[in-house]
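Visitor: Take a look at this one; I'll ask things after.
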Amino acid sequence: MRTHLQTNLEQYGTQAQAYLDSPVHAQGPDLAKAQALVAQSVAAGGQALDVGCGAGHLSFALAPHVARIVALDPSGPMLDTVRQAATAKGFHHIETAQSTAENLPFADASFDLVCSRYSAHHWTRLAAALKAMRRVLKPGGHLLLIDVQGEEDALVDSHLQAIELLRDRSHVRNRAVSQWHALLADAGFADAAHESWPVRIDFSSWVTRMRTPSTRVAMIREVQIEAPKEVQEALAIETDGSFTFTTGLFWAQAGV
Ligand SMILES: C[S@@+](CC[C@H](N)C(=O)[O-])C[C@H]1O[C@@H](n2cnc3c(N)ncnc32)[C@H](O)[C@@H]1O
């Protein structure tokens, strides 16, 4: 029997290059918005931490705007990929750290910016992780959190979580906006600003990137095809299984 973290390491250990190449991860209006927010609010000498950095796309987007960025992930192969790509891009101020969001190996008040993108839905102890992110932020520092949003409608949400888990055994849960606001407030980030964008997911590349076994690909298709009209419409499910989810961005400041 494996722990959830072991499952995650198996899932991501061999897929680092696929995530570096993935257009869903390498692009997106959320990255442009993140750059704009950081450029206008974080001083040029800023120290940043990217939690669950994966192949490093958020770190690469923010690197021109900070003096130092630590890219943290539990997966060694992901961190190898980040180091190689950072060197190729000339970002010598990107460092790596191997750990989890729930266990940030940094002193209190170490960073001006703590950020994370498309990772929090893998964290088993999200409330504790957000408190840890708050702990390592300096007073007045900023939190930038980007992730796939859960749905407020329970029927639609059940279908979204089901296909996510069938595709990726390391999926935990996409949180809806109301859940995010409650979690963020509990961690000390009241009044977080929020913005969201629809993201179309190409079915074939989505399951290929995660090496989803064909038996589970068939199960996902069955769930999608049998889904009621409300779900088909809310997730814009297409005939080949491609669909649309929502990416949410939260921006908050730690109290001084
Ligand atoms: C989809 S990738 C991240 C994408 C990346 N942040 C980007 O902007 O393209 C998800 C990452 O979350 C990491 N992860 C999973 N569980 C984690 C945890 N508990 N703490 C931190 N990172 C975790 C995985 O190892 C994986 O590299």
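Chain labels A, B, ... are given in the sequence in which chains occur in the structure tokens; within each chain residues are numbered consecutively from 1, and ligands are likewise numbered from 1 in the order shown.
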If you run DSSP on the backbone, which residues of stretch 29-186 of chain A are strand (DSSP E or B), as a VMD selection string?
Guide: chain A and resid 47 to 51 68 to 73 94 to 98 100 103 111 to 117 137 to 148
Visitor: Find the residues near ligand 1. Use a cut-off of 6 Å, count only C-alpha atoms and all ligand atoms, and write them as a PDB file with N, CA and C atoms, in the first residue's frame.
Guide:
```pdb
ATOM      1  N   ASN A   8       1.953  10.386  -5.548  1.00  0.00           N
ATOM      2  CA  ASN A   8       2.284  11.619  -6.261  1.00  0.00           C
ATOM      3  C   ASN A   8       3.664  11.520  -6.918  1.00  0.00           C
ATOM      4  N   TYR A  12       4.358  11.905 -10.932  1.00  0.00           N
ATOM      5  CA  TYR A  12       5.087  13.029 -11.519  1.00  0.00           C
ATOM      6  C   TYR A  12       6.549  12.727 -11.838  1.00  0.00           C
ATOM      7  N   HIS A  25       0.242  24.352 -19.090  1.00  0.00           N
ATOM      8  CA  HIS A  25       1.071  24.841 -17.999  1.00  0.00           C
ATOM      9  C   HIS A  25       2.001  25.975 -18.427  1.00  0.00           C
ATOM     10  N   VAL A  51       5.560  27.174  -4.491  1.00  0.00           N
ATOM     11  CA  VAL A  51       5.254  25.901  -3.817  1.00  0.00           C
ATOM     12  C   VAL A  51       4.557  24.946  -4.796  1.00  0.00           C
ATOM     13  N   GLY A  52       5.144  23.757  -4.985  1.00  0.00           N
ATOM     14  CA  GLY A  52       4.596  22.816  -5.965  1.00  0.00           C
ATOM     15  C   GLY A  52       4.926  23.321  -7.364  1.00  0.00           C
ATOM     16  N   CYS A  53       6.217  23.621  -7.559  1.00  0.00           N
ATOM     17  CA  CYS A  53       6.659  24.329  -8.782  1.00  0.00           C
ATOM     18  C   CYS A  53       6.523  23.489 -10.039  1.00  0.00           C
ATOM     19  N   GLY A  54       6.391  22.139  -9.902  1.00  0.00           N
ATOM     20  CA  GLY A  54       6.334  21.305 -11.098  1.00  0.00           C
ATOM     21  C   GLY A  54       7.533  21.588 -11.982  1.00  0.00           C
ATOM     22  N   ALA A  55       7.291  21.748 -13.277  1.00  0.00           N
ATOM     23  CA  ALA A  55       8.400  22.003 -14.221  1.00  0.00           C
ATOM     24  C   ALA A  55       8.832  23.463 -14.201  1.00  0.00           C
ATOM     25  N   GLY A  56       8.172  24.316 -13.403  1.00  0.00           N
ATOM     26  CA  GLY A  56       8.715  25.655 -13.128  1.00  0.00           C
ATOM     27  C   GLY A  56       8.089  26.822 -13.864  1.00  0.00           C
ATOM     28  N   HIS A  57       6.935  26.631 -14.503  1.00  0.00           N
ATOM     29  CA  HIS A  57       6.418  27.723 -15.347  1.00  0.00           C
ATOM     30  C   HIS A  57       6.089  28.996 -14.573  1.00  0.00           C
ATOM     31  N   LEU A  58       5.552  28.861 -13.357  1.00  0.00           N
ATOM     32  CA  LEU A  58       5.263  30.078 -12.590  1.00  0.00           C
ATOM     33  C   LEU A  58       6.567  30.752 -12.168  1.00  0.00           C
ATOM     34  N   ASP A  73       9.320  21.569  -4.598  1.00  0.00           N
ATOM     35  CA  ASP A  73       8.457  20.461  -5.041  1.00  0.00           C
ATOM     36  C   ASP A  73       8.963  19.182  -4.371  1.00  0.00           C
ATOM     37  N   PRO A  74       8.062  18.212  -4.095  1.00  0.00           N
ATOM     38  CA  PRO A  74       8.553  16.939  -3.541  1.00  0.00           C
ATOM     39  C   PRO A  74       9.240  16.055  -4.580  1.00  0.00           C
ATOM     40  N   SER A  75       9.035  16.338  -5.867  1.00  0.00           N
ATOM     41  CA  SER A  75       9.545  15.452  -6.925  1.00  0.00           C
ATOM     42  C   SER A  75      10.949  15.874  -7.376  1.00  0.00           C
ATOM     43  N   MET A  78      11.216  16.609 -11.161  1.00  0.00           N
ATOM     44  CA  MET A  78      10.675  17.934 -11.502  1.00  0.00           C
ATOM     45  C   MET A  78      11.728  19.010 -11.210  1.00  0.00           C
ATOM     46  N   THR A 100       7.472  19.499   0.800  1.00  0.00           N
ATOM     47  CA  THR A 100       6.046  19.637   0.490  1.00  0.00           C
ATOM     48  C   THR A 100       5.513  20.954   1.040  1.00  0.00           C
ATOM     49  N   ALA A 101       4.323  21.306   0.567  1.00  0.00           N
ATOM     50  CA  ALA A 101       3.675  22.543   1.017  1.00  0.00           C
ATOM     51  C   ALA A 101       3.379  22.487   2.510  1.00  0.00           C
ATOM     52  N   ARG A 117       0.906  27.358  -8.211  1.00  0.00           N
ATOM     53  CA  ARG A 117       0.037  27.259  -9.395  1.00  0.00           C
ATOM     54  C   ARG A 117      -0.215  25.788  -9.743  1.00  0.00           C
ATOM     55  N   TYR A 118      -1.469  25.437  -9.915  1.00  0.00           N
ATOM     56  CA  TYR A 118      -1.880  24.084 -10.331  1.00  0.00           C
ATOM     57  C   TYR A 118      -1.254  22.984  -9.472  1.00  0.00           C
ATOM     58  N   SER A 119      -1.128  23.244  -8.159  1.00  0.00           N
ATOM     59  CA  SER A 119      -0.562  22.221  -7.280  1.00  0.00           C
ATOM     60  C   SER A 119      -1.443  21.943  -6.071  1.00  0.00           C
ATOM     61  N   HIS A 122      -3.451  18.863  -5.065  1.00  0.00           N
ATOM     62  CA  HIS A 122      -2.772  17.610  -4.686  1.00  0.00           C
ATOM     63  C   HIS A 122      -2.470  17.541  -3.196  1.00  0.00           C
ATOM     64  N   TRP A 123      -2.651  18.637  -2.484  1.00  0.00           N
ATOM     65  CA  TRP A 123      -2.187  18.689  -1.091  1.00  0.00           C
ATOM     66  C   TRP A 123      -3.220  18.053  -0.173  1.00  0.00           C
TER      67      TRP A 123
END
```
Visitor: Tell me which protein, DNA and RNA residues are within 6 Å of A:Val66, counting only C-alpha atoms, leaving out same-chain ones fewer than 5 positions away, and put them as a list in words.
Guide: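 The residues that qualify are Ala44, Gly45 and Gly46 of chain A.
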Visitor: Give me the stretch 3-30 of chain A side of the contact with stretch 162-176 of chain A, cut-off 8 Å, one line per residue showing its nearest atom pair and distance in Å at one decimal, counting only C-alpha atoms, sorted by chain and residue number, as a Markdown table.
Guide:
```
| residue | atom | partner | partner_atom | distance |
| --- | --- | --- | --- | --- |
| A:His4 | CA | A:Ser170 | CA | 6.6 |
| A:Leu5 | CA | A:Ser170 | CA | 7.9 |
| A:Thr7 | CA | A:Ser170 | CA | 6.0 |
| A:Asn8 | CA | A:Ser170 | CA | 5.0 |
| A:Gln11 | CA | A:Ser170 | CA | 7.1 |
```
Visitor: Those same residues, written as a compact mmCIF listing (two decimals), in the first residue's frame with N, CA and C atoms?
Guide:
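This is the output file out_25.txt:
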```
# COMPACT_ATOMS: atom_id res chain seq x y z
N HIS A 4 -0.16 8.70 -0.03
CA HIS A 4 -0.54 9.63 -1.10
C HIS A 4 0.69 10.29 -1.71
N LEU A 5 1.67 10.64 -0.86
CA LEU A 5 2.88 11.30 -1.37
C LEU A 5 3.64 10.35 -2.30
N THR A 7 2.34 8.03 -4.13
CA THR A 7 1.56 8.01 -5.38
C THR A 7 1.89 9.23 -6.21
N ASN A 8 1.95 10.39 -5.55
CA ASN A 8 2.28 11.62 -6.26
C ASN A 8 3.66 11.52 -6.92
N GLN A 11 3.51 9.41 -9.95
CA GLN A 11 2.78 10.06 -11.04
C GLN A 11 3.65 11.09 -11.75
```
Visitor: Name all residues at most 8 Å from stretch 149-159 of chain A (count only C-alpha atoms; drop same-chain ones fewer than 6 positions away) and give them as a PyMOL selection string.
Guide: chain A and resi 173-178+223-224+227+230-231+234-235+245-248
Visitor: Deliver the residues from the most recent selection as a file, using C-alpha atoms, as a short mmCIF file (atom, residue, chain, number, x, y, z; two decimals), in the first residue's frame.
Guide:
```
data_model
loop_
_atom_site.label_atom_id
_atom_site.label_comp_id
_atom_site.auth_asym_id
_atom_site.auth_seq_id
_atom_site.Cartn_x
_atom_site.Cartn_y
_atom_site.Cartn_z
CA ARG A 173 -9.80 17.99 -4.56
CA ASN A 174 -10.39 21.17 -6.54
CA ARG A 175 -11.82 23.74 -4.11
CA ALA A 176 -14.72 25.99 -5.06
CA VAL A 177 -14.29 29.77 -4.70
CA SER A 178 -16.34 29.91 -1.48
CA VAL A 223 -18.74 9.23 -16.76
CA GLN A 224 -18.71 12.08 -19.30
CA ALA A 227 -23.39 12.83 -17.30
CA GLU A 230 -26.50 20.24 -16.62
CA VAL A 231 -23.02 18.73 -16.23
CA ALA A 234 -21.34 23.36 -17.26
CA LEU A 235 -18.13 21.53 -18.23
CA PHE A 245 -12.62 23.86 -16.41
CA THR A 246 -12.06 27.13 -14.60
CA THR A 247 -8.69 28.38 -13.39
CA GLY A 248 -8.90 30.69 -10.39
#
```
Visitor: Might you pull out every residue within 10 Å of A:Arg221, with only C-alpha atoms counted and same-chain residues fewer than 3 positions away left off, and present them as an MDAnalysis selection string?
Guide: chainID A and resid 163 203 216:218 224:227 239:242
Visitor: So, counting only C-alpha atoms, which residue among A:Leu62, A:Thr215, A:Arg209, A:Ile237 is closest to A:Ser22?
Guide: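 Looking only at the distances to A:Ser22, the closest residue turns out to be A:Arg209.
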Visitor: Looking at only C-alpha atoms, which of A:Trp251, A:Ala39, A:His121, A:Thr212 is the one that sits closest to A:Gln161?
Guide: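 Counting only C-alpha atoms, the residue closest to A:Gln161 is A:His121.
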Visitor: Between A:Gln84, A:Asn103, A:Ser59, A:Gln253, which has the minimum distance to A:Ala185 (counting only C-alpha atoms)?
Guide: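 Of all the options, A:Gln253 lies closest to A:Ala185.
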Visitor: Which residues are near A:Ile201? Cut-off 7 Å, only C-alpha atoms, ignore same chain within fewer than 4 positions. Put them as a list in words.
Guide: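 So the residues in contact are Trp206, Ser242, Phe243 and Thr244 of chain A.
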Visitor: Those same residues, written as a PDB file, in the first residue's frame with C-alpha atoms?
Guide:
```pdb
ATOM      1  CA  TRP A 206      -4.623  15.594 -20.932  1.00  0.00           C
ATOM      2  CA  SER A 242     -12.305  17.538 -24.324  1.00  0.00           C
ATOM      3  CA  PHE A 243     -13.886  19.853 -21.764  1.00  0.00           C
ATOM      4  CA  THR A 244     -13.487  23.212 -20.036  1.00  0.00           C
TER       5      THR A 244
END
```
Visitor: Where does DSSP see helix (DSSP H, G or I) in stretch 8-198 of chain A, if you list the residues as a PyMOL selection string?
Guide: chain A and resi 8-13+16-21+23-26+29-41+57-65+76-89+120-122+126-136+154-167+177-186
Visitor: If you count only C-alpha atoms, which residues fall within 7 Å of A:His93, apart from same-chain ones fewer than 2 positions away, as a PyMOL selection string?
Guide: chain A and resi 67-69+91+95
Visitor: Limited to N, CA and C atoms, could you put the picked residues into a file as an mmCIF file, in the first residue's frame?
Guide:
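Wrote again-v3.cif, looks like this:
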```
data_model
loop_
_atom_site.group_PDB
_atom_site.id
_atom_site.type_symbol
_atom_site.label_atom_id
_atom_site.label_comp_id
_atom_site.auth_asym_id
_atom_site.auth_seq_id
_atom_site.Cartn_x
_atom_site.Cartn_y
_atom_site.Cartn_z
ATOM 1 N N ALA A 67 14.310 39.179 -6.957
ATOM 2 C CA ALA A 67 15.765 39.004 -6.861
ATOM 3 C C ALA A 67 16.151 37.541 -6.694
ATOM 4 N N ARG A 68 15.240 36.769 -6.091
ATOM 5 C CA ARG A 68 15.532 35.349 -5.829
ATOM 6 C C ARG A 68 14.215 34.606 -5.735
ATOM 7 N N ILE A 69 14.183 33.419 -6.322
ATOM 8 C CA ILE A 69 12.968 32.605 -6.200
ATOM 9 C C ILE A 69 13.369 31.171 -5.890
ATOM 10 N N PHE A 91 18.205 32.159 -15.927
ATOM 11 C CA PHE A 91 17.679 32.553 -14.616
ATOM 12 C C PHE A 91 18.548 31.920 -13.518
ATOM 13 N N GLU A 95 16.466 28.966 -7.291
ATOM 14 C CA GLU A 95 17.009 27.847 -6.515
ATOM 15 C C GLU A 95 15.921 26.788 -6.389
#
```
Visitor: Which distance in Å separates atom CA of A:Ala254 and atom CA of A:Ala190, to one decimal?
Guide: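 Between atom CA of A:Ala254 and atom CA of A:Ala190 the gap works out to 8.6 Å.
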Visitor: Would you mind reading off the distance between atom CA of A:Ala107 and atom CA of A:Asp50, one decimal, in Å?
Guide: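 Straight-line distance from atom CA of A:Ala107 to atom CA of A:Asp50 works out to 15.5 Å.
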